[in-house]
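Structure file data37.csv with CSV, C-alpha atoms:
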chain,number,residue,atom,x,y,z
A,1,MET,CA,-42.5,-27.1,56.0
A,2,GLY,CA,-46.2,-27.2,56.6
A,3,VAL,CA,-49.1,-25.5,54.7
A,4,SER,CA,-47.9,-21.9,55.3
A,5,GLY,CA,-44.4,-22.7,54.0
A,6,THR,CA,-45.8,-24.4,50.9
A,7,LEU,CA,-48.1,-21.5,50.2
A,8,GLU,CA,-45.2,-19.0,50.5
A,9,TYR,CA,-43.1,-21.1,48.2
A,10,LEU,CA,-45.9,-21.3,45.6
A,11,SER,CA,-46.6,-17.6,45.8
A,12,GLU,CA,-42.9,-16.8,45.2
A,13,LEU,CA,-43.0,-19.1,42.1
A,14,VAL,CA,-46.1,-17.3,40.8
A,15,SER,CA,-44.7,-13.9,41.4
A,16,LEU,CA,-41.4,-14.8,39.7
A,17,SER,CA,-43.2,-16.2,36.7
A,18,LYS,CA,-45.0,-12.9,36.0
A,19,LYS,CA,-43.2,-10.9,33.4
A,20,LYS,CA,-41.7,-7.7,34.7
A,21,LYS,CA,-41.4,-4.7,32.5
A,22,LYS,CA,-37.9,-3.7,31.6
A,23,LYS,CA,-37.0,-0.2,32.5
A,24,LYS,CA,-35.3,1.6,29.7
A,25,GLN,CA,-32.2,3.5,30.6
A,26,LEU,CA,-31.3,7.0,29.5
A,27,ASN,CA,-29.0,6.5,26.5
A,28,THR,CA,-27.0,8.5,24.1
A,29,VAL,CA,-26.8,7.0,20.6
A,30,ALA,CA,-24.5,8.5,18.0
A,31,VAL,CA,-24.6,7.7,14.3
A,32,LYS,CA,-22.6,8.7,11.3
A,33,ILE,CA,-25.0,9.7,8.5
A,34,ARG,CA,-24.3,11.3,5.2
A,35,MET,CA,-25.8,14.8,5.1
A,36,ASP,CA,-25.0,17.3,2.4
A,37,CYS,CA,-27.1,20.3,3.2
A,38,GLU,CA,-29.4,21.9,5.8
A,39,GLY,CA,-32.4,20.2,4.2
A,40,CYS,CA,-30.8,16.8,4.7
A,41,ALA,CA,-30.0,17.6,8.3
A,42,GLN,CA,-33.6,18.7,8.9
A,43,LYS,CA,-35.0,15.5,7.3
A,44,VAL,CA,-32.7,13.4,9.5
A,45,LYS,CA,-33.6,15.4,12.7
A,46,SER,CA,-37.3,15.0,12.1
A,47,ALA,CA,-36.9,11.2,11.5
A,48,LEU,CA,-34.8,10.7,14.6
A,49,SER,CA,-37.1,12.9,16.7
A,50,ALA,CA,-40.0,10.6,15.8
A,51,VAL,CA,-38.2,7.6,17.6
A,52,LYS,CA,-40.2,6.7,20.7
A,53,GLY,CA,-38.4,7.9,23.8
A,54,ALA,CA,-36.1,10.4,22.1
A,55,LYS,CA,-35.7,13.5,24.3
A,56,SER,CA,-33.3,15.5,22.1
A,57,VAL,CA,-31.6,15.2,18.8
A,58,GLU,CA,-28.4,17.0,17.9
A,59,ILE,CA,-27.1,17.3,14.3
A,60,ASP,CA,-23.5,18.1,13.5
A,61,LEU,CA,-23.4,18.7,9.8
A,62,LYS,CA,-19.7,19.3,9.7
A,63,HIS,CA,-18.8,15.9,11.1
A,64,GLN,CA,-21.8,14.1,9.6
A,65,LYS,CA,-22.9,13.1,13.1
A,66,ALA,CA,-26.4,12.8,14.6
A,67,THR,CA,-26.8,12.2,18.4
A,68,VAL,CA,-30.0,11.1,20.0
A,69,ASN,CA,-30.5,11.4,23.8
A,70,GLY,CA,-33.3,9.8,25.7
A,71,PHE,CA,-34.8,6.5,26.6
A,72,VAL,CA,-34.1,4.9,23.1
A,73,ASP,CA,-32.8,1.7,21.7
A,74,ALA,CA,-29.8,1.9,19.4
A,75,LYS,CA,-31.4,-0.5,16.9
A,76,LYS,CA,-34.5,1.7,16.6
A,77,VAL,CA,-32.4,4.8,16.1
A,78,MET,CA,-30.5,3.0,13.3
A,79,GLU,CA,-33.7,1.9,11.6
A,80,ALA,CA,-35.1,5.5,11.8
A,81,ALA,CA,-31.9,6.9,10.3
A,82,LYS,CA,-32.0,4.3,7.5
A,83,SER,CA,-35.6,5.2,6.7
A,84,THR,CA,-34.3,8.6,5.4
A,85,GLY,CA,-32.5,6.8,2.6
A,86,LYS,CA,-29.1,8.0,3.6
A,87,LYS,CA,-25.9,6.0,4.3
A,88,VAL,CA,-25.8,5.2,8.0
A,89,GLU,CA,-23.4,3.5,10.4
A,90,PRO,CA,-22.8,3.6,14.2
A,91,TRP,CA,-20.4,6.4,15.2
A,92,PRO,CA,-17.1,4.7,14.7
A,93,TYR,CA,-14.7,7.3,16.2
A,94,VAL,CA,-13.2,7.5,19.7
A,95,PRO,CA,-10.8,10.1,21.2
A,96,TYR,CA,-7.3,9.3,20.1
A,97,THR,CA,-6.1,9.2,23.7
A,98,LEU,CA,-8.0,6.0,24.3
A,99,ILE,CA,-6.0,4.1,21.7
A,100,ALA,CA,-2.4,3.1,22.4
A,101,HIS,CA,-1.3,3.3,18.7
A,102,PRO,CA,-3.5,6.0,17.0
A,103,TYR,CA,-1.5,6.0,13.8
A,104,ALA,CA,-1.7,2.3,13.1
A,105,SER,CA,-3.3,1.2,9.9
A,106,GLY,CA,-7.0,0.6,10.3
A,107,VAL,CA,-7.2,3.1,13.1
A,108,TYR,CA,-6.0,6.3,11.6
A,109,ASP,CA,-8.6,7.9,9.4
A,110,LYS,CA,-8.1,11.1,7.4
A,111,LYS,CA,-11.9,11.8,7.4
A,112,ALA,CA,-12.1,11.5,11.2
A,113,PRO,CA,-12.9,14.7,13.2
A,114,PRO,CA,-10.0,16.4,14.9
A,115,ASN,CA,-8.6,14.4,17.9
A,116,PHE,CA,-10.5,11.3,16.9
A,117,VAL,CA,-9.6,7.9,15.4
A,118,ARG,CA,-11.6,4.8,14.5
A,119,GLY,CA,-12.3,2.6,17.4
A,120,THR,CA,-10.8,-0.9,17.4
A,121,ASP,CA,-10.8,-4.0,19.6
A,122,GLU,CA,-7.5,-5.4,18.2
A,123,PRO,CA,-5.3,-6.0,21.3
A,124,GLY,CA,-2.0,-5.0,19.6
A,125,VAL,CA,-3.4,-1.6,18.6
A,126,ALA,CA,-5.8,-0.7,21.4
A,127,THR,CA,-3.5,-1.5,24.3
A,128,LEU,CA,0.2,-1.3,25.1
A,129,ASN,CA,2.2,-4.4,25.5
A,130,PRO,CA,4.2,-4.8,28.8
A,131,ASP,CA,7.5,-3.6,27.3
A,132,GLU,CA,5.9,-0.4,25.9
A,133,GLN,CA,4.1,0.1,29.3
A,134,GLN,CA,7.4,-0.1,31.1
A,135,TYR,CA,9.1,2.5,28.8
A,136,THR,CA,6.2,4.8,29.0
A,137,LEU,CA,6.4,4.8,32.8
A,138,MET,CA,10.2,5.1,32.7
A,139,PHE,CA,10.2,8.4,30.8
A,140,SER,CA,7.1,9.8,32.4
A,141,ASP,CA,6.9,13.3,33.9
A,142,ASP,CA,5.7,11.6,37.1
A,143,ASN,CA,9.0,9.7,37.4
A,144,PRO,CA,11.5,11.8,39.4
A,145,HIS,CA,14.5,9.9,38.0
A,146,SER,CA,13.5,10.3,34.3
A,147,CYS,CA,16.0,13.2,33.8
A,148,SER,CA,18.9,11.0,35.0
A,149,LEU,CA,17.9,8.3,32.5
A,150,MET,CA,18.0,10.8,29.6

I need this file expressed as structure tokens, please.
Amino acid sequence: MGVSGTLEYLSELVSLSKKKKKKKQLNTVAVKIRMDCEGCAQKVKSALSAVKGAKSVEIDLKHQKATVNGFVDAKKVMEAAKSTGKKVEPWPYVPYTLIAHPYASGVYDKKAPPNFVRGTDEPGVATLNPDEQQYTLMFSDDNPHSCSLM
């Protein structure tokens, strides 16, 4: 190995031990926050705009949604939203096309925006079982023999 090999090995160890700065990624963080009027919306917008790294803040008063775009951390956005004194939770809704059974209990929500349902990780609701998958493909518009089955 020799002296030069040993020096290279030691220099690699020293360079690996130095802490590298983490590069933040461009994120979009959505939260559901209770807002009753334009004043509430403005208060929330100013609080979320103060988060370090926030590039833009969008407020949807109708759906009680605030979206922060930029180099932000979701925890910091939640903390800033909670500092307004309002009820806050992460945006719980996903498009209903992503859920296999959108009308199952626990997923269907009357208060959800149009074409949205509550997200879930429950395997029986979120995905189709093999039998359901087979029937879905059998009667699909892409199947040229589906008319003969009907």

Which one is closest to Thr28 (chain A): A:Gly70, A:Glu8, A:His63, A:Gln42? Count all atoms listed in the file.
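Ranked by minimum distance to Thr28 (chain A), first place goes to A:Gly70.
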
Near-Asp36 (chain A) list (12 Å; only C-alpha atoms; drop same-chain fewer than 2 positions) as a ChimeraX atom specification:
/A:33-34,38-44,60-65,86-87

With C-alpha atoms retained, write the just-selected residues as a PDB file, in the coordinates of the input.
ATOM      1  CA  ILE A  33     -25.000   9.700   8.500  1.00  0.00           C
ATOM      2  CA  ARG A  34     -24.300  11.300   5.200  1.00  0.00           C
ATOM      3  CA  GLU A  38     -29.400  21.900   5.800  1.00  0.00           C
ATOM      4  CA  GLY A  39     -32.400  20.200   4.200  1.00  0.00           C
ATOM      5  CA  CYS A  40     -30.800  16.800   4.700  1.00  0.00           C
ATOM      6  CA  ALA A  41     -30.000  17.600   8.300  1.00  0.00           C
ATOM      7  CA  GLN A  42     -33.600  18.700   8.900  1.00  0.00           C
ATOM      8  CA  LYS A  43     -35.000  15.500   7.300  1.00  0.00           C
ATOM      9  CA  VAL A  44     -32.700  13.400   9.500  1.00  0.00           C
ATOM     10  CA  ASP A  60     -23.500  18.100  13.500  1.00  0.00           C
ATOM     11  CA  LEU A  61     -23.400  18.700   9.800  1.00  0.00           C
ATOM     12  CA  LYS A  62     -19.700  19.300   9.700  1.00  0.00           C
ATOM     13  CA  HIS A  63     -18.800  15.900  11.100  1.00  0.00           C
ATOM     14  CA  GLN A  64     -21.800  14.100   9.600  1.00  0.00           C
ATOM     15  CA  LYS A  65     -22.900  13.100  13.100  1.00  0.00           C
ATOM     16  CA  LYS A  86     -29.100   8.000   3.600  1.00  0.00           C
ATOM     17  CA  LYS A  87     -25.900   6.000   4.300  1.00  0.00           C
TER      18      LYS A  87
END

Name all residues at most 9 Å from Ser56 (chain A) (count only C-alpha atoms; drop same-chain ones fewer than 3 positions away) and give them as a VMD selection string.
chain A and resid 49 67 to 70

A:Gly53, A:Gly119, A:Pro114, A:Gly85 ranked by distance to His101 (chain A), top pick (using all atoms listed in the file):
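Answer, going by the shortest atom-to-atom distance: A:Gly119.
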
For CA of Glu89 (chain A) and CA of Arg118 (chain A), determine how far apart the two atoms are, in Å to one decimal place.
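Interatomic distance, CA of Glu89 (chain A) to CA of Arg118 (chain A): 12.6 Å.
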
So what do you get for CA of Lys45 (chain A) versus CA of Lys32 (chain A), distance-wise?
13.0 Å
